[in-house]
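Visitor: Pasting a structure below so you can have a look.
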Amino acid sequence: SQKIEQNSEALNIQEGKTATLTCNYTNYSPAYLQWYRQDPGRGPVFLLLIRENEKEKRKERLKVTFDTTLKQSLFHITASQPADSATYLCALGEFTWDTGRRALTFGSGTRLQVQP
Amino acid sequence: DGGITQSPKYLFRKEGQNVTLSCEQNLNHDAMYWYRQDPGQGLRLIYYSQIVNDFQKGDIAEGYSVSREKKESFPLTVTSAQKNPTAFYLCASSDRVSQPQHFGDGTRLSIL
């Protein structure tokens, strides 16, 4: 069966360190992958998109990698700050030929806590 | 400022009652979506619409209905057939289905 796995345990790190979050998937052939940030009681906010033919994407202190062989994406936040504390969701986008449907499938997210 | 507005923020449903959640966007996006989020779980797709007057079922459409009569509006009705409606409902939109999605701040639905 199809599955997207993000570490359900919270990740606790010290301010200034690099946070690395993992998104693993099975039985998907994603055309692209997106990362979102979600604060409690709020809707997710888009951060980065990476396509299947891209290895790495950067935006300010954020970096995403996408390894279609390992079926894994890593999301890095460098020089982390307490304000980075939130839940981070990965989402896979694929095109299913039988229905013509393009859809995002979300993982359950990993909560990041940055300690001052 | 452009964005997505969901209302109400909190909603209570009585047994056997249908309720409608509002979603309005002024981003001029063609695609709109409804998701359900349960505690500790990811977002699950209920319905989506790629263009006005057209919509498709997502993974958990049973007990829900939608309409897309205007580009900026995509209301979701939770019918009495949905036996476990208590959840956080999120509406989103995007320029096209493959593009990043912009989300509203959700409606929390509870059963009285």
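Going by the structure tokens order, chains are called A, B, ..., each with residues numbered from 1, while ligands are numbered from 1 in the order shown.
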Need the shell around Ser65 of chain B: protein/DNA/RNA residues with any atom at most 8 Å away, counting only C-alpha atoms. Skip same-chain ones fewer than 3 positions apart. Format as a PyMOL selection string?
Guide: chain B and resi 61+76-79
Visitor: Fewer than 6 positions away in the same chain doesn't count, so skip those; otherwise give me all residues within 8 Å of Gln25 of chain B, counting only C-alpha atoms, as a list in words.
Guide: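 Returned residues: Gly2, Gly3, Ile4, Thr5, Glu72, Ser73 and Ser93 of chain B.
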Visitor: Which residue gives the smallest distance to chain B among A:Asn12, A:Gln81, A:Thr68, A:Thr110, with only C-alpha atoms counted?
Guide: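 Of A:Asn12, A:Gln81, A:Thr68, A:Thr110, the one nearest chain B, counting only C-alpha atoms, is A:Thr110.
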Visitor: With the cut-off set at 9 Å and counting only C-alpha atoms, tabulate each residue of chain A with an atom at most that distance from an atom of chain B, showing the nearest atom pair and its distance in Å to one decimal, ordered by chain and increasing number, as CSV.
Guide:
residue,atom,partner,partner_atom,distance
A:Ser8,CA,B:Gly40,CA,8.1
A:Tyr32,CA,B:Ser98,CA,8.4
A:Gln34,CA,B:Pro100,CA,7.5
A:Gly41,CA,B:Asp105,CA,7.3
A:Arg42,CA,B:Asp105,CA,4.7
A:Gly43,CA,B:Asp105,CA,4.5
A:Pro44,CA,B:Phe103,CA,6.1
A:Val45,CA,B:His102,CA,6.8
A:Phe46,CA,B:Pro100,CA,6.4
A:Leu47,CA,B:Pro100,CA,8.7
A:Leu48,CA,B:Pro100,CA,8.4
A:Leu49,CA,B:Pro100,CA,7.4
A:Leu89,CA,B:Gly42,CA,7.8
A:Gly93,CA,B:Ser98,CA,7.0
A:Glu94,CA,B:Ser98,CA,8.6
A:Arg101,CA,B:Gln56,CA,8.6
A:Arg102,CA,B:Val97,CA,6.5
A:Ala103,CA,B:Val97,CA,7.0
A:Leu104,CA,B:Ser98,CA,8.0
A:Thr105,CA,B:Arg44,CA,7.4
A:Phe106,CA,B:Gly42,CA,5.6
A:Gly107,CA,B:Gly42,CA,5.2
A:Ser108,CA,B:Gly42,CA,3.6
A:Gly109,CA,B:Gly42,CA,6.5
Visitor: Dump N, CA, C and O atoms for the selected residues as a CSV table (one decimal), in the first residue's frame?
Guide:
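Written out: selection_32.csv:
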chain,number,residue,atom,x,y,z
A,8,SER,N,6.9,10.7,13.7
A,8,SER,CA,5.8,11.2,14.6
A,8,SER,C,6.3,11.8,15.9
A,8,SER,O,5.6,12.6,16.5
A,32,TYR,N,6.6,15.6,-8.0
A,32,TYR,CA,7.2,16.7,-7.2
A,32,TYR,C,6.8,16.5,-5.7
A,32,TYR,O,6.0,15.6,-5.4
A,34,GLN,N,6.4,18.8,-2.0
A,34,GLN,CA,6.3,20.1,-1.3
A,34,GLN,C,6.4,20.0,0.2
A,34,GLN,O,6.1,18.9,0.8
A,41,GLY,N,-3.6,25.3,15.2
A,41,GLY,CA,-4.9,26.0,14.9
A,41,GLY,C,-4.9,26.8,13.7
A,41,GLY,O,-5.8,27.6,13.4
A,42,ARG,N,-3.9,26.7,12.9
A,42,ARG,CA,-3.8,27.5,11.6
A,42,ARG,C,-3.7,26.5,10.4
A,42,ARG,O,-3.4,25.3,10.5
A,43,GLY,N,-3.9,27.1,9.2
A,43,GLY,CA,-3.7,26.3,8.0
A,43,GLY,C,-2.2,26.2,7.7
A,43,GLY,O,-1.4,27.1,8.1
A,44,PRO,N,-1.8,25.2,6.9
A,44,PRO,CA,-0.4,25.1,6.5
A,44,PRO,C,0.0,26.2,5.6
A,44,PRO,O,-0.8,26.8,4.9
A,45,VAL,N,1.3,26.5,5.6
A,45,VAL,CA,1.9,27.6,4.8
A,45,VAL,C,3.0,26.9,3.9
A,45,VAL,O,3.9,26.2,4.4
A,46,PHE,N,2.9,27.1,2.6
A,46,PHE,CA,3.9,26.6,1.7
A,46,PHE,C,5.3,27.1,1.9
A,46,PHE,O,5.4,28.3,2.1
A,47,LEU,N,6.3,26.2,1.8
A,47,LEU,CA,7.6,26.6,2.0
A,47,LEU,C,8.5,26.4,0.7
A,47,LEU,O,9.1,27.3,0.2
A,48,LEU,N,8.5,25.2,0.3
A,48,LEU,CA,9.4,24.8,-0.9
A,48,LEU,C,8.7,23.7,-1.7
A,48,LEU,O,8.1,22.8,-1.2
A,49,LEU,N,9.0,23.7,-3.0
A,49,LEU,CA,8.6,22.7,-3.9
A,49,LEU,C,9.9,22.2,-4.6
A,49,LEU,O,10.7,23.0,-5.1
A,89,LEU,N,5.1,19.6,7.3
A,89,LEU,CA,4.4,18.6,6.6
A,89,LEU,C,5.0,18.4,5.2
A,89,LEU,O,5.4,19.4,4.6
A,93,GLY,N,3.2,15.0,-4.9
A,93,GLY,CA,2.3,15.2,-6.0
A,93,GLY,C,2.6,14.2,-7.1
A,93,GLY,O,3.7,14.0,-7.5
A,94,GLU,N,1.5,13.5,-7.5
A,94,GLU,CA,1.7,12.5,-8.6
A,94,GLU,C,0.5,12.6,-9.5
A,94,GLU,O,-0.5,13.1,-9.2
A,101,ARG,N,-6.1,12.1,-12.5
A,101,ARG,CA,-6.1,12.9,-11.4
A,101,ARG,C,-4.7,13.3,-10.9
A,101,ARG,O,-3.9,12.5,-10.7
A,102,ARG,N,-4.6,14.6,-10.7
A,102,ARG,CA,-3.4,15.1,-10.0
A,102,ARG,C,-3.8,15.4,-8.6
A,102,ARG,O,-4.7,16.2,-8.4
A,103,ALA,N,-3.0,14.9,-7.7
A,103,ALA,CA,-3.4,15.2,-6.3
A,103,ALA,C,-2.2,15.3,-5.4
A,103,ALA,O,-1.2,14.6,-5.6
A,104,LEU,N,-2.3,16.1,-4.3
A,104,LEU,CA,-1.2,16.1,-3.3
A,104,LEU,C,-1.7,15.1,-2.2
A,104,LEU,O,-2.8,15.1,-1.8
A,105,THR,N,-0.7,14.3,-1.7
A,105,THR,CA,-1.0,13.5,-0.6
A,105,THR,C,0.0,13.9,0.5
A,105,THR,O,1.2,14.0,0.3
A,106,PHE,N,-0.6,14.2,1.7
A,106,PHE,CA,0.2,14.8,2.8
A,106,PHE,C,0.7,13.7,3.8
A,106,PHE,O,-0.1,12.7,4.1
A,107,GLY,N,1.8,13.9,4.3
A,107,GLY,CA,2.3,13.1,5.5
A,107,GLY,C,1.7,13.7,6.7
A,107,GLY,O,1.0,14.8,6.7
A,108,SER,N,1.8,13.0,7.9
A,108,SER,CA,1.2,13.5,9.1
A,108,SER,C,2.0,14.5,9.8
A,108,SER,O,1.5,15.1,10.8
A,109,GLY,N,3.2,14.8,9.3
A,109,GLY,CA,4.0,15.9,9.9
A,109,GLY,C,4.9,15.5,11.0
A,109,GLY,O,4.7,14.5,11.7
Visitor: When you look at Gln115 of chain A with a cut-off of 7 Å (counting only C-alpha atoms), what residues show up, excluding the ones that are within fewer than 2 positions of it in the same chain? I need them as a list in words.
Guide: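 The residues satisfying every condition are Ile13, Gln14, Glu15, Pro82 and Gln113 of chain A.
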Visitor: Among segment 15-94 of chain B, which residues does DSSP mark as strand (DSSP E or B) when it is run on the backbone? Keep the chain and numbering as in the structure and answer as number ranges by chain.
Guide: B: 19-25, 31-37, 43-51, 54-57, 64-66, 70, 73, 76-78, 87-94
Visitor: Find the residue from A:Lys63, A:Lys71, A:His76, A:Glu54 that sits nearest to Leu21 of chain A; use only C-alpha atoms when measuring.
Guide: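 Nearest candidate to Leu21 of chain A out of A:Lys63, A:Lys71, A:His76, A:Glu54: A:His76.
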